[in-house]
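Next comes structure.csv, with CSV, C-alpha atoms.
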chain,number,residue,atom,x,y,z
D,729,MET,CA,49.0,-78.5,-11.6
D,730,GLU,CA,46.5,-75.6,-12.2
D,731,SER,CA,45.3,-77.2,-15.4
D,732,GLY,CA,44.7,-80.5,-13.6
D,733,TYR,CA,42.7,-78.7,-10.9
D,734,ALA,CA,40.6,-76.8,-13.5
D,735,LYS,CA,39.9,-80.1,-15.3
D,736,HIS,CA,38.8,-81.7,-12.0
D,737,GLN,CA,36.6,-78.7,-11.2
D,738,PHE,CA,35.0,-78.9,-14.7
D,739,LYS,CA,34.3,-82.6,-14.2
D,740,SER,CA,32.8,-81.9,-10.8
D,741,TRP,CA,30.5,-79.2,-12.3
D,742,LEU,CA,29.5,-81.5,-15.2
D,743,SER,CA,28.7,-84.3,-12.7
D,744,GLN,CA,26.6,-81.9,-10.6
D,745,PHE,CA,24.8,-80.7,-13.7
D,746,ARG,CA,24.1,-84.3,-14.9
D,747,ASN,CA,23.0,-85.5,-11.5
D,748,GLY,CA,20.8,-82.5,-10.8
D,749,SER,CA,22.5,-81.6,-7.4
D,750,ASN,CA,23.4,-77.9,-7.9
D,751,PRO,CA,20.4,-75.5,-8.0
D,752,TRP,CA,22.9,-72.5,-8.3
D,753,MET,CA,24.2,-74.0,-11.6
D,754,ALA,CA,20.7,-74.7,-12.8
D,755,ARG,CA,19.7,-71.0,-12.7
D,756,TYR,CA,22.5,-70.2,-15.2
D,757,VAL,CA,21.1,-72.9,-17.6
D,758,TYR,CA,17.7,-71.3,-17.4
D,759,GLY,CA,19.2,-67.9,-18.0
D,760,PHE,CA,21.0,-69.2,-21.1
D,761,MET,CA,17.8,-70.8,-22.4
D,762,PHE,CA,16.1,-67.4,-21.9
D,763,LEU,CA,18.8,-65.7,-23.9
D,764,ILE,CA,18.4,-68.2,-26.7
D,765,ALA,CA,14.7,-67.4,-26.8
D,766,ASN,CA,15.4,-63.7,-27.0
D,767,LEU,CA,17.8,-64.2,-29.9
D,768,LEU,CA,15.3,-66.5,-31.6
D,769,ALA,CA,12.6,-63.9,-31.3
D,770,TRP,CA,14.9,-61.2,-32.8
D,771,ALA,CA,15.9,-63.5,-35.7
D,772,VAL,CA,12.3,-64.2,-36.4
D,773,ARG,CA,11.4,-60.5,-36.4
D,774,ASP,CA,14.3,-59.3,-38.5
D,775,TYR,CA,15.0,-62.2,-40.8
D,776,GLY,CA,12.1,-64.6,-40.7
D,777,GLY,CA,9.6,-62.7,-42.9
D,778,SER,CA,10.0,-64.9,-46.0
D,779,VAL,CA,9.6,-68.1,-44.0
D,780,LEU,CA,6.6,-66.8,-42.0
D,781,THR,CA,4.9,-65.7,-45.2
D,782,GLU,CA,4.7,-69.3,-46.4
D,783,MET,CA,3.0,-70.5,-43.1
D,784,GLU,CA,-0.7,-71.1,-43.5
D,785,ARG,CA,-1.3,-70.0,-39.9
D,786,LEU,CA,0.0,-66.5,-40.6
D,787,LYS,CA,-2.1,-65.8,-43.7
D,788,GLY,CA,-4.2,-63.5,-41.5
D,789,CYS,CA,-1.5,-60.9,-41.9
D,790,HIS,CA,-2.0,-60.9,-45.7
D,791,GLY,CA,1.7,-60.7,-46.2
D,792,VAL,CA,2.2,-57.5,-44.2
D,793,LYS,CA,5.8,-57.6,-43.1
D,794,ASP,CA,5.3,-55.7,-39.8
D,795,CYS,CA,2.5,-58.0,-38.8
D,796,LEU,CA,4.5,-61.0,-39.6
D,797,GLY,CA,7.5,-59.8,-37.5
D,798,ALA,CA,5.3,-59.0,-34.5
D,799,GLN,CA,3.4,-62.4,-34.9
D,800,GLY,CA,6.7,-64.2,-35.0
D,801,VAL,CA,8.0,-62.5,-31.8
D,802,LEU,CA,4.8,-63.2,-30.0
D,803,ARG,CA,4.9,-66.8,-30.9
D,804,VAL,CA,8.4,-67.3,-29.6
D,805,SER,CA,7.4,-65.3,-26.5
D,806,LEU,CA,4.4,-67.5,-25.9
D,807,ALA,CA,6.6,-70.6,-26.2
D,808,CYS,CA,9.0,-69.2,-23.6
D,809,PHE,CA,6.2,-68.2,-21.4
D,810,MET,CA,4.6,-71.6,-21.5
D,811,PHE,CA,7.9,-73.3,-20.6
D,812,TYR,CA,8.7,-71.1,-17.6
D,813,PHE,CA,5.1,-71.0,-16.4
D,814,THR,CA,5.1,-74.8,-16.5
D,815,MET,CA,8.3,-74.8,-14.4
D,816,PHE,CA,6.6,-72.3,-12.0
D,817,LEU,CA,3.6,-74.5,-11.5
D,818,SER,CA,5.9,-77.6,-11.0
D,819,THR,CA,8.3,-75.9,-8.5
D,820,ALA,CA,6.2,-73.5,-6.6
D,821,GLY,CA,6.3,-74.2,-2.9
D,822,ALA,CA,9.6,-76.0,-2.9
D,823,SER,CA,11.3,-75.3,0.4
D,824,LYS,CA,13.8,-78.1,1.0
D,825,LEU,CA,16.7,-79.6,-0.9
D,826,LYS,CA,16.6,-83.3,-2.1
D,827,GLU,CA,12.8,-83.3,-2.4
D,828,PRO,CA,11.3,-84.1,-5.8
D,829,ARG,CA,10.6,-80.5,-6.8
D,830,ASP,CA,14.3,-79.7,-6.0
D,831,SER,CA,15.4,-82.6,-8.2
D,832,TRP,CA,13.2,-81.4,-11.0
D,833,GLN,CA,14.5,-77.8,-10.7
D,834,SER,CA,18.2,-78.9,-10.9
D,835,GLY,CA,18.0,-82.0,-13.1
D,836,TRP,CA,16.0,-83.9,-15.8
D,837,TRP,CA,17.6,-81.7,-18.5
D,838,SER,CA,16.9,-84.1,-21.3
D,839,ALA,CA,13.2,-84.0,-20.5
D,840,LYS,CA,13.3,-80.2,-20.2
D,841,ILE,CA,15.0,-79.7,-23.6
D,842,VAL,CA,12.3,-81.9,-25.2
D,843,LEU,CA,9.7,-79.8,-23.4
D,844,TRP,CA,11.3,-76.6,-24.5
D,845,VAL,CA,11.5,-77.6,-28.1
D,846,THR,CA,7.9,-78.8,-28.0
D,847,PHE,CA,6.7,-75.5,-26.6
D,848,ILE,CA,8.7,-73.7,-29.4
D,849,ILE,CA,6.8,-75.6,-32.1
D,850,ILE,CA,3.3,-75.4,-30.6
D,851,PRO,CA,2.7,-71.6,-31.0
D,852,PHE,CA,3.6,-71.7,-34.7
D,853,LEU,CA,0.7,-74.1,-35.2
D,854,LEU,CA,-1.9,-71.8,-33.5
D,855,PRO,CA,-4.1,-69.4,-35.4
D,856,ALA,CA,-3.3,-65.7,-35.5
D,857,ALA,CA,-6.4,-64.8,-33.4
D,858,ILE,CA,-4.9,-66.7,-30.4
D,859,ILE,CA,-1.5,-65.0,-30.8
D,860,GLN,CA,-3.2,-61.6,-31.0
D,861,LEU,CA,-5.0,-62.3,-27.8
D,862,TYR,CA,-1.7,-63.4,-26.2
D,863,GLY,CA,-0.2,-60.1,-27.4
D,864,GLU,CA,-2.9,-58.2,-25.5
D,865,ILE,CA,-2.3,-60.2,-22.3
D,866,ALA,CA,1.5,-59.8,-22.7
D,867,HIS,CA,1.1,-56.1,-22.1
D,868,PHE,CA,-0.2,-56.8,-18.5
D,869,GLY,CA,2.4,-59.5,-18.0
D,870,ALA,CA,5.2,-57.2,-19.0
D,871,GLY,CA,3.8,-54.6,-16.6
D,872,ILE,CA,3.9,-57.1,-13.8
D,873,PHE,CA,7.6,-57.8,-14.6
D,874,LEU,CA,8.5,-54.1,-14.5
D,875,LEU,CA,6.8,-53.8,-11.1
D,876,ILE,CA,8.6,-56.8,-9.7
D,877,GLN,CA,11.9,-55.5,-11.1
D,878,LEU,CA,11.2,-52.0,-9.6
D,879,ILE,CA,10.5,-53.4,-6.1
D,880,SER,CA,13.7,-55.5,-6.4
D,881,ILE,CA,15.8,-52.5,-7.3
D,882,ILE,CA,14.4,-50.3,-4.5
D,883,SER,CA,14.9,-53.1,-2.0
D,884,PHE,CA,18.5,-53.4,-3.1
D,885,ILE,CA,19.1,-49.7,-2.8
D,886,THR,CA,17.5,-49.7,0.7
D,887,TRP,CA,19.6,-52.7,1.7
D,888,LEU,CA,22.8,-51.0,0.5
D,889,ASN,CA,21.9,-47.9,2.5
D,890,ASP,CA,21.2,-49.9,5.6
D,891,CYS,CA,24.5,-51.7,5.3
D,892,CYS,CA,26.4,-48.4,4.9
D,893,GLN,CA,24.6,-46.7,7.8
D,894,SER,CA,25.0,-49.7,10.1
D,895,SER,CA,28.7,-48.8,10.4
D,896,LYS,CA,29.3,-45.8,12.6
D,897,SER,CA,32.9,-45.3,11.7
D,898,GLU,CA,34.0,-41.9,10.4
D,899,ARG,CA,35.7,-43.5,7.3
D,900,CYS,CA,32.5,-45.3,6.3
D,901,GLN,CA,30.4,-42.1,6.7
D,902,ILE,CA,32.9,-40.3,4.4
D,903,HIS,CA,32.5,-43.0,1.8
D,904,ILE,CA,28.7,-42.6,2.0
D,905,MET,CA,28.9,-38.9,1.5
D,906,LEU,CA,31.3,-39.4,-1.5
D,907,LEU,CA,29.0,-42.0,-3.1
D,908,ALA,CA,25.9,-39.8,-2.5
D,909,THR,CA,27.6,-36.7,-3.9
D,910,THR,CA,28.8,-38.7,-7.0
D,911,ALA,CA,25.2,-39.9,-7.5
D,912,TYR,CA,23.8,-36.4,-7.4
D,913,VAL,CA,26.5,-35.0,-9.7
D,914,LEU,CA,25.7,-37.7,-12.2
D,915,CYS,CA,22.0,-37.0,-11.9
D,916,LEU,CA,22.4,-33.3,-12.6
D,917,THR,CA,24.9,-34.0,-15.4
D,918,GLY,CA,22.5,-36.4,-17.0
D,919,ILE,CA,19.6,-33.9,-16.7
D,920,ILE,CA,21.7,-31.1,-18.3
D,921,LEU,CA,22.8,-33.4,-21.1
D,922,MET,CA,19.2,-34.4,-21.8
D,923,TYR,CA,18.3,-30.7,-22.1
D,924,ILE,CA,21.1,-30.2,-24.6
D,925,TRP,CA,20.5,-33.4,-26.6
D,926,TYR,CA,16.7,-33.8,-26.5
D,927,ALA,CA,15.3,-30.3,-25.9
D,928,PRO,CA,17.4,-28.0,-28.1
D,929,GLU,CA,14.5,-25.8,-29.0
D,930,PRO,CA,11.6,-24.2,-26.9
D,931,SER,CA,9.2,-26.1,-29.1
D,932,CYS,CA,10.3,-29.4,-27.7
D,933,LEU,CA,7.7,-29.1,-24.9
D,934,LEU,CA,7.1,-32.8,-24.3
D,935,ASN,CA,10.8,-33.5,-23.7
D,936,ILE,CA,11.2,-30.4,-21.6
D,937,PHE,CA,8.3,-31.6,-19.5
D,938,PHE,CA,9.8,-35.1,-19.1
D,939,ILE,CA,13.2,-33.8,-18.1
D,940,THR,CA,11.9,-31.0,-15.8
D,941,TRP,CA,9.5,-33.4,-14.1
D,942,THR,CA,12.4,-35.8,-13.5
D,943,LEU,CA,14.3,-33.0,-11.7
D,944,VAL,CA,11.2,-32.2,-9.6
D,945,LEU,CA,10.8,-35.9,-8.6
D,946,LEU,CA,14.5,-36.0,-7.7
D,947,GLN,CA,14.0,-33.0,-5.4
D,948,LEU,CA,10.8,-34.5,-3.9
D,949,MET,CA,12.6,-37.8,-3.1
D,950,THR,CA,15.4,-35.9,-1.5
D,951,SER,CA,13.1,-33.8,0.6
D,952,VAL,CA,11.1,-36.7,1.9
D,953,SER,CA,14.2,-38.9,2.6
D,954,LEU,CA,15.8,-36.1,4.7
D,955,HIS,CA,12.6,-35.3,6.7
D,956,PRO,CA,13.3,-35.8,10.4
D,957,LYS,CA,10.5,-38.4,10.8
D,958,VAL,CA,11.8,-40.4,7.8
D,959,ASN,CA,15.6,-39.9,8.1
D,960,ALA,CA,16.5,-42.3,5.3
D,961,GLY,CA,19.8,-40.6,4.6
D,962,ILE,CA,21.1,-38.9,1.4
D,963,LEU,CA,22.4,-42.1,-0.3
D,964,THR,CA,19.0,-43.7,-1.2
D,965,PRO,CA,17.5,-40.7,-2.9
D,966,GLY,CA,20.8,-40.2,-4.8
D,967,LEU,CA,20.8,-43.8,-6.1
D,968,MET,CA,17.0,-43.6,-6.9
D,969,GLY,CA,17.7,-40.4,-8.7
D,970,LEU,CA,20.2,-42.2,-10.9
D,971,TYR,CA,17.6,-44.8,-11.6
D,972,ILE,CA,14.8,-42.3,-12.6
D,973,VAL,CA,17.2,-40.2,-14.7
D,974,PHE,CA,18.2,-43.4,-16.6
D,975,ILE,CA,14.6,-44.3,-17.1
D,976,CYS,CA,13.8,-40.8,-18.4
D,977,TRP,CA,16.8,-41.0,-20.8
D,978,PHE,CA,15.7,-44.4,-22.0
D,979,ALA,CA,12.1,-43.1,-22.5
D,980,ILE,CA,13.3,-40.2,-24.7
D,981,ARG,CA,15.6,-42.4,-26.6
D,982,SER,CA,12.6,-44.6,-27.4
D,983,GLU,CA,10.9,-41.8,-29.3
D,984,PRO,CA,10.5,-42.6,-33.0
D,985,THR,CA,13.4,-41.6,-35.3
D,986,GLY,CA,12.9,-38.5,-37.3
D,987,GLU,CA,11.6,-36.4,-34.4
D,988,SER,CA,13.2,-32.9,-34.6
D,989,CYS,CA,13.8,-32.8,-30.8
D,990,ASN,CA,15.7,-36.1,-30.8
D,991,ARG,CA,19.1,-35.4,-32.4
D,992,LYS,CA,20.5,-38.7,-31.2
D,993,ALA,CA,17.7,-40.6,-32.9
D,994,GLU,CA,18.4,-38.8,-36.2
D,995,ALA,CA,22.1,-39.6,-35.8
D,996,SER,CA,21.3,-43.3,-35.4
D,997,ASN,CA,18.8,-43.5,-38.2
D,998,LYS,CA,21.1,-45.8,-40.2
D,999,THR,CA,22.0,-49.3,-39.1
D,1000,ASP,CA,25.7,-49.2,-38.2
D,1001,TRP,CA,28.0,-51.0,-35.9
D,1002,LEU,CA,27.1,-48.7,-33.0
D,1003,THR,CA,23.4,-49.6,-33.5
D,1004,ILE,CA,24.2,-53.3,-33.5
D,1005,ILE,CA,26.4,-53.0,-30.4
D,1006,SER,CA,23.7,-51.0,-28.6
D,1007,PHE,CA,21.2,-53.7,-29.6
D,1008,VAL,CA,23.4,-56.5,-28.3
D,1009,ILE,CA,24.0,-54.7,-25.0
D,1010,ALA,CA,20.3,-54.0,-24.6
D,1011,VAL,CA,19.4,-57.7,-25.1
D,1012,LEU,CA,22.1,-58.8,-22.6
D,1013,ALA,CA,21.0,-56.2,-20.1
D,1014,MET,CA,17.4,-57.4,-20.4
D,1015,VAL,CA,18.5,-61.1,-19.8
D,1016,ILE,CA,20.7,-60.0,-16.8
D,1017,ALA,CA,17.9,-57.9,-15.3
D,1018,THR,CA,15.5,-60.8,-15.6
D,1019,PHE,CA,18.1,-63.2,-14.1
D,1020,SER,CA,19.0,-60.9,-11.1
D,1021,THR,CA,15.4,-60.2,-10.4
D,1022,GLY,CA,14.4,-63.9,-10.5
D,1023,ILE,CA,16.8,-64.9,-7.7
D,1024,ASP,CA,15.8,-62.0,-5.5
D,1025,SER,CA,12.8,-63.6,-3.9
D,1026,LYS,CA,13.7,-62.6,-0.4
D,1027,CYS,CA,12.7,-59.0,-0.9
D,1028,PHE,CA,9.1,-60.3,-1.4
D,1029,GLN,CA,9.0,-62.3,1.8
D,1030,PHE,CA,6.5,-60.9,4.3
D,1031,ARG,CA,8.4,-62.4,7.2
D,1032,LYS,CA,12.1,-61.7,7.0
D,1033,ASP,CA,13.0,-62.9,10.5
D,1034,GLU,CA,12.6,-66.6,9.7
D,1035,THR,CA,15.7,-68.6,10.4
D,1036,GLU,CA,17.2,-70.6,7.6
D,1037,SER,CA,18.4,-74.1,7.8
D,1038,GLU,CA,21.1,-75.9,5.8
D,1039,ASP,CA,18.6,-77.9,3.8
D,1040,ASP,CA,16.5,-74.9,2.7
D,1041,VAL,CA,16.5,-74.1,-1.0
D,1042,PRO,CA,18.9,-71.3,-1.9
D,1043,TYR,CA,16.3,-69.2,-3.7
D,1044,GLY,CA,12.6,-69.4,-4.5
D,1045,TYR,CA,12.2,-71.7,-7.5
D,1046,GLY,CA,8.6,-70.8,-8.2
D,1047,PHE,CA,9.3,-67.1,-8.0
D,1048,PHE,CA,12.4,-67.5,-10.2
D,1049,HIS,CA,10.4,-69.1,-13.0
D,1050,PHE,CA,7.5,-66.7,-12.5
D,1051,VAL,CA,9.8,-63.8,-13.2
D,1052,PHE,CA,11.1,-65.5,-16.3
D,1053,ALA,CA,7.6,-66.2,-17.5
D,1054,THR,CA,6.6,-62.5,-17.2
D,1055,GLY,CA,10.1,-61.6,-18.6
D,1056,ALA,CA,9.1,-63.6,-21.7
D,1057,MET,CA,6.2,-61.2,-22.2
D,1058,TYR,CA,8.4,-58.2,-21.5
D,1059,PHE,CA,11.0,-59.1,-24.1
D,1060,ALA,CA,8.2,-59.5,-26.7
D,1061,MET,CA,6.9,-56.0,-25.9
D,1062,LEU,CA,10.4,-54.6,-26.3
D,1063,LEU,CA,11.0,-56.2,-29.6
D,1064,ILE,CA,7.6,-55.0,-31.0
D,1065,GLY,CA,7.7,-51.6,-29.3
D,1066,TRP,CA,4.7,-52.4,-27.2
D,1067,ASN,CA,2.6,-52.1,-30.4
D,1068,THR,CA,1.8,-55.0,-32.7
D,1069,HIS,CA,1.0,-52.7,-35.6
D,1070,GLN,CA,4.1,-50.5,-35.9
D,1071,SER,CA,7.2,-50.9,-38.0
D,1072,MET,CA,10.5,-51.9,-36.3
D,1073,LYS,CA,13.8,-51.5,-38.0
D,1074,LYS,CA,16.5,-54.1,-37.8
D,1075,PHE,CA,18.6,-54.1,-34.7
D,1076,THR,CA,16.2,-51.8,-32.9
D,1077,ILE,CA,14.6,-52.5,-29.5
D,1078,ASP,CA,11.9,-50.7,-27.5
D,1079,VAL,CA,11.3,-47.8,-30.0
D,1080,GLY,CA,8.0,-46.0,-30.5
D,1081,TRP,CA,5.7,-43.6,-28.6
D,1082,ALA,CA,4.1,-46.5,-26.8
D,1083,SER,CA,7.6,-47.5,-25.5
D,1084,THR,CA,8.2,-43.9,-24.5
D,1085,TRP,CA,5.1,-43.6,-22.4
D,1086,VAL,CA,5.6,-47.0,-20.8
D,1087,ARG,CA,9.0,-45.8,-19.6
D,1088,ILE,CA,7.7,-42.5,-18.3
D,1089,VAL,CA,4.9,-44.1,-16.4
D,1090,ASN,CA,7.4,-46.6,-15.0
D,1091,GLU,CA,9.5,-43.7,-13.8
D,1092,TRP,CA,6.5,-42.1,-12.0
D,1093,ILE,CA,5.5,-45.4,-10.4
D,1094,ALA,CA,9.1,-45.9,-9.3
D,1095,VAL,CA,9.0,-42.7,-7.3
D,1096,CYS,CA,5.5,-43.4,-5.9
D,1097,VAL,CA,6.7,-46.9,-4.7
D,1098,TYR,CA,9.9,-45.5,-3.2
D,1099,LEU,CA,8.0,-42.8,-1.3
D,1100,TRP,CA,5.5,-45.3,-0.1
D,1101,MET,CA,8.2,-47.6,1.2
D,1102,LEU,CA,9.5,-44.6,3.2
D,1103,VAL,CA,6.3,-43.3,4.5
D,1104,ALA,CA,4.3,-46.6,5.1
D,1105,PRO,CA,6.3,-47.7,8.2
D,1106,ILE,CA,5.6,-44.3,9.8
D,1107,ILE,CA,1.9,-44.5,9.0
D,1108,TRP,CA,1.6,-48.0,10.4
D,1109,LYS,CA,3.5,-47.1,13.5
D,1110,SER,CA,1.4,-44.1,14.2
D,1111,ARG,CA,-1.8,-46.2,13.7
D,1112,GLN,CA,-0.6,-48.8,16.1
D,1113,THR,CA,0.3,-46.1,18.7
D,1114,ALA,CA,-3.2,-44.6,18.3
D,1115,GLU,CA,-4.9,-48.0,18.7
D,1116,SER,CA,-2.9,-48.9,21.8
D,1117,ALA,CA,-3.6,-45.5,23.4

Would you mind writing the file's structure down as structure tokens?
Amino acid sequence: MESGYAKHQFKSWLSQFRNGSNPWMARYVYGFMFLIANLLAWAVRDYGGSVLTEMERLKGCHGVKDCLGAQGVLRVSLACFMFYFTMFLSTAGASKLKEPRDSWQSGWWSAKIVLWVTFIIIPFLLPAAIIQLYGEIAHFGAGIFLLIQLISIISFITWLNDCCQSSKSERCQIHIMLLATTAYVLCLTGIILMYIWYAPEPSCLLNIFFITWTLVLLQLMTSVSLHPKVNAGILTPGLMGLYIVFICWFAIRSEPTGESCNRKAEASNKTDWLTIISFVIAVLAMVIATFSTGIDSKCFQFRKDETESEDDVPYGYGFFHFVFATGAMYFAMLLIGWNTHQSMKKFTIDVGWASTWVRIVNEWIAVCVYLWMLVAPIIWKSRQTAESA
């Protein structure tokens, strides 16, 4: 009985996929295509050197392996960007189901596969100068992706805090305190471990600065959140603290191998199963982060009080594809370490001083955006009060 029901459900999903009537299912297909592009870029970087050397369009590298790998990654990234940006232009502004743009979003898969394959081929026919120009532009596109992701994460944390505080029951308040306490304990534990692992000697001044400044930022967010005029509670700074501690850890982990202050990097200097598993997890996490950010278009709506009708699209199609387009630039930067001229070992991702500083600046911007989202409503309210008086 259960197998018959499962078979019926599978046929129903297949029919919806073929007929283009399920935008929720379509987003998983786009996510899978994005994953394929990530894996293709990695394969070109790590194993496509011999093939790329024979291509006339890549002779500008003069056979340099690192240049060939970065060029291959950028070409796959450009193909992915062109596909999703085309989808962005063709679906932006879609608001109702059953309209042509909704049908294009959820259907026409044969045409999209042909389009995707065509876009994969085109960048490998372009000269190296154009790819180098795209590599420079991709730095800014990846930065836009990080900013969108940051706003999405902060909005989710704020939403979670509002949901918890909306309940006045004593049991719910206890859960909030336990969750906030756990978050702070994990933050402090992470900071202590980073001191032990990445600042074992007083000469590790840069890592000491990174870790200590993260602790200062955690204290700053807590103080502002608990200010009487803000009163954001203790949960949001705790969760944001977890986020910035993770970014700090990620930044220090991105330091080049062989640094005396990075014992973990020295331990992972050889390619082993742990390195491969870490790489796979990082790629999957990148795809999931892009996917989850892409469907979170509501946090970027200026008017959140608009009523929704049954025939409204379930998520912003244009925003979804725009996030994936910038995500294509972002995965290129991770695979080449934000630097087209540095060497990247097999099964490594986001390694190098450029990657470290991108993460550190991302951490600082995250705190600034969070504090601004807390303080801005108070400033606007005070200005309105002054103007009305």

Query raised in the report: Expressed in Å to a single decimal, how great is the separation between CA of Cys891 in chain D and CA of Leu943 in chain D?
Result: 27.3 Å

Query raised in the report: At what distance in Å, to one decimal, does CA of Glu1091 in chain D lie from CA of Asn766 in chain D?
Result: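 Straight-line distance from CA of Asn766 in chain D to CA of Glu1091 in chain D works out to 24.7 Å.
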
Per residue of range 793-884 of chain D within 12 Å of range 967-974 of chain D, which atom pair is closest and at what distance in Å (one decimal), using all atoms listed in the file, listed by chain and increasing number, as a tab-separated table?
residue	atom	partner	partner_atom	distance
D:Leu878	CA	D:Tyr971	CA	9.8
D:Ile879	CA	D:Met968	CA	11.8
D:Ile881	CA	D:Met968	CA	9.0
D:Ile882	CA	D:Met968	CA	7.6
D:Ser883	CA	D:Met968	CA	10.9
D:Phe884	CA	D:Leu967	CA	10.3

Query raised in the report: Could you name the residues that touch Ser1020 in chain D at 12 Å or less, counting all atoms listed in the file, but leaving out those on the same chain fewer than 2 positions away, as a list in words?
Result: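 Here the qualifying residues turn out to be Arg755, Tyr756, Gly759, Ile876, Gln877, Leu878, Ser880, Ile881, Phe884, Ala1013, Met1014, Val1015, Ile1016, Ala1017, Thr1018, Gly1022, Ile1023, Asp1024, Ser1025, Tyr1043, Phe1047, Phe1048, Val1051, Phe1052 and Gly1055 of chain D.
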
Report task. Check the smallest atom-to-atom distance from each of D:Leu875, D:Ser805, D:Ala754, D:Ile902 to Cys1096 in chain D using only C-alpha atoms, then report the winner. Result ->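 Counting only C-alpha atoms, the residue closest to Cys1096 in chain D is D:Leu875.
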
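Neighbouring residues of range 916-930 of chain D at 9 Å or closer, counting only C-alpha atoms and skipping chain neighbours under 3 positions away, are Ala911, Tyr912, Val913, Leu933, Leu934, Asn935, Ile936, Ile939, Thr940, Thr942, Leu943, Leu970, Val973, Phe974, Trp977, Ile980, Arg981, Ser988, Cys989, Asn990, Arg991 and Lys992 of chain D.
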
Requested in this report: Rank nothing, just name the residue among D:Gly1044, D:Gly871, D:Gly966, D:Gly776 nearest to Leu954 in chain D, using all atoms listed in the file.
Outcome: D:Gly966

Query raised in the report: Of the candidates D:Phe1059, D:Thr846, D:Val1011, D:Pro751, which one gets nearest to Arg829 in chain D if we count all atoms listed in the file?
Result: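 Checking each of D:Phe1059, D:Thr846, D:Val1011, D:Pro751 against Arg829 in chain D, counting all atoms listed in the file, the winner is D:Pro751.
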
Residue contacts of Phe1050 in chain D (12 Å, only C-alpha atoms) excluding same-chain residues fewer than 3 positions away, as a PDB file with C-alpha atoms, keeping the file's coordinate frame:
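Output (result.pdb):
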ATOM      1  CA  CYS D 808       9.000 -69.200 -23.600  1.00  0.00           C
ATOM      2  CA  PHE D 809       6.200 -68.200 -21.400  1.00  0.00           C
ATOM      3  CA  MET D 810       4.600 -71.600 -21.500  1.00  0.00           C
ATOM      4  CA  PHE D 811       7.900 -73.300 -20.600  1.00  0.00           C
ATOM      5  CA  TYR D 812       8.700 -71.100 -17.600  1.00  0.00           C
ATOM      6  CA  PHE D 813       5.100 -71.000 -16.400  1.00  0.00           C
ATOM      7  CA  THR D 814       5.100 -74.800 -16.500  1.00  0.00           C
ATOM      8  CA  MET D 815       8.300 -74.800 -14.400  1.00  0.00           C
ATOM      9  CA  PHE D 816       6.600 -72.300 -12.000  1.00  0.00           C
ATOM     10  CA  LEU D 817       3.600 -74.500 -11.500  1.00  0.00           C
ATOM     11  CA  SER D 818       5.900 -77.600 -11.000  1.00  0.00           C
ATOM     12  CA  THR D 819       8.300 -75.900  -8.500  1.00  0.00           C
ATOM     13  CA  ALA D 820       6.200 -73.500  -6.600  1.00  0.00           C
ATOM     14  CA  GLY D 869       2.400 -59.500 -18.000  1.00  0.00           C
ATOM     15  CA  ALA D 870       5.200 -57.200 -19.000  1.00  0.00           C
ATOM     16  CA  ILE D 872       3.900 -57.100 -13.800  1.00  0.00           C
ATOM     17  CA  PHE D 873       7.600 -57.800 -14.600  1.00  0.00           C
ATOM     18  CA  ILE D 876       8.600 -56.800  -9.700  1.00  0.00           C
ATOM     19  CA  THR D1018      15.500 -60.800 -15.600  1.00  0.00           C
ATOM     20  CA  PHE D1019      18.100 -63.200 -14.100  1.00  0.00           C
ATOM     21  CA  THR D1021      15.400 -60.200 -10.400  1.00  0.00           C
ATOM     22  CA  GLY D1022      14.400 -63.900 -10.500  1.00  0.00           C
ATOM     23  CA  ILE D1023      16.800 -64.900  -7.700  1.00  0.00           C
ATOM     24  CA  ASP D1024      15.800 -62.000  -5.500  1.00  0.00           C
ATOM     25  CA  SER D1025      12.800 -63.600  -3.900  1.00  0.00           C
ATOM     26  CA  GLY D1044      12.600 -69.400  -4.500  1.00  0.00           C
ATOM     27  CA  TYR D1045      12.200 -71.700  -7.500  1.00  0.00           C
ATOM     28  CA  GLY D1046       8.600 -70.800  -8.200  1.00  0.00           C
ATOM     29  CA  PHE D1047       9.300 -67.100  -8.000  1.00  0.00           C
ATOM     30  CA  ALA D1053       7.600 -66.200 -17.500  1.00  0.00           C
ATOM     31  CA  THR D1054       6.600 -62.500 -17.200  1.00  0.00           C
ATOM     32  CA  GLY D1055      10.100 -61.600 -18.600  1.00  0.00           C
ATOM     33  CA  ALA D1056       9.100 -63.600 -21.700  1.00  0.00           C
ATOM     34  CA  MET D1057       6.200 -61.200 -22.200  1.00  0.00           C
TER      35      MET D1057
END

If I wrap all listed atoms of range 1090-1107 of chain D in a box with edges along x, y and z and add 4 Å on each side, what are its centre and edge lengths in Å to one decimal, as AutoDock Vina command-line options?
--center_x 5.9 --center_y -44.9 --center_z -2.6 --size_x 16.0 --size_y 13.6 --size_z 32.8

Query raised in the report: Which one is closest to Trp1092 in chain D: D:Ile1077, D:Leu946, D:Glu983, D:Pro1105? Count only C-alpha atoms.
Result: D:Leu946
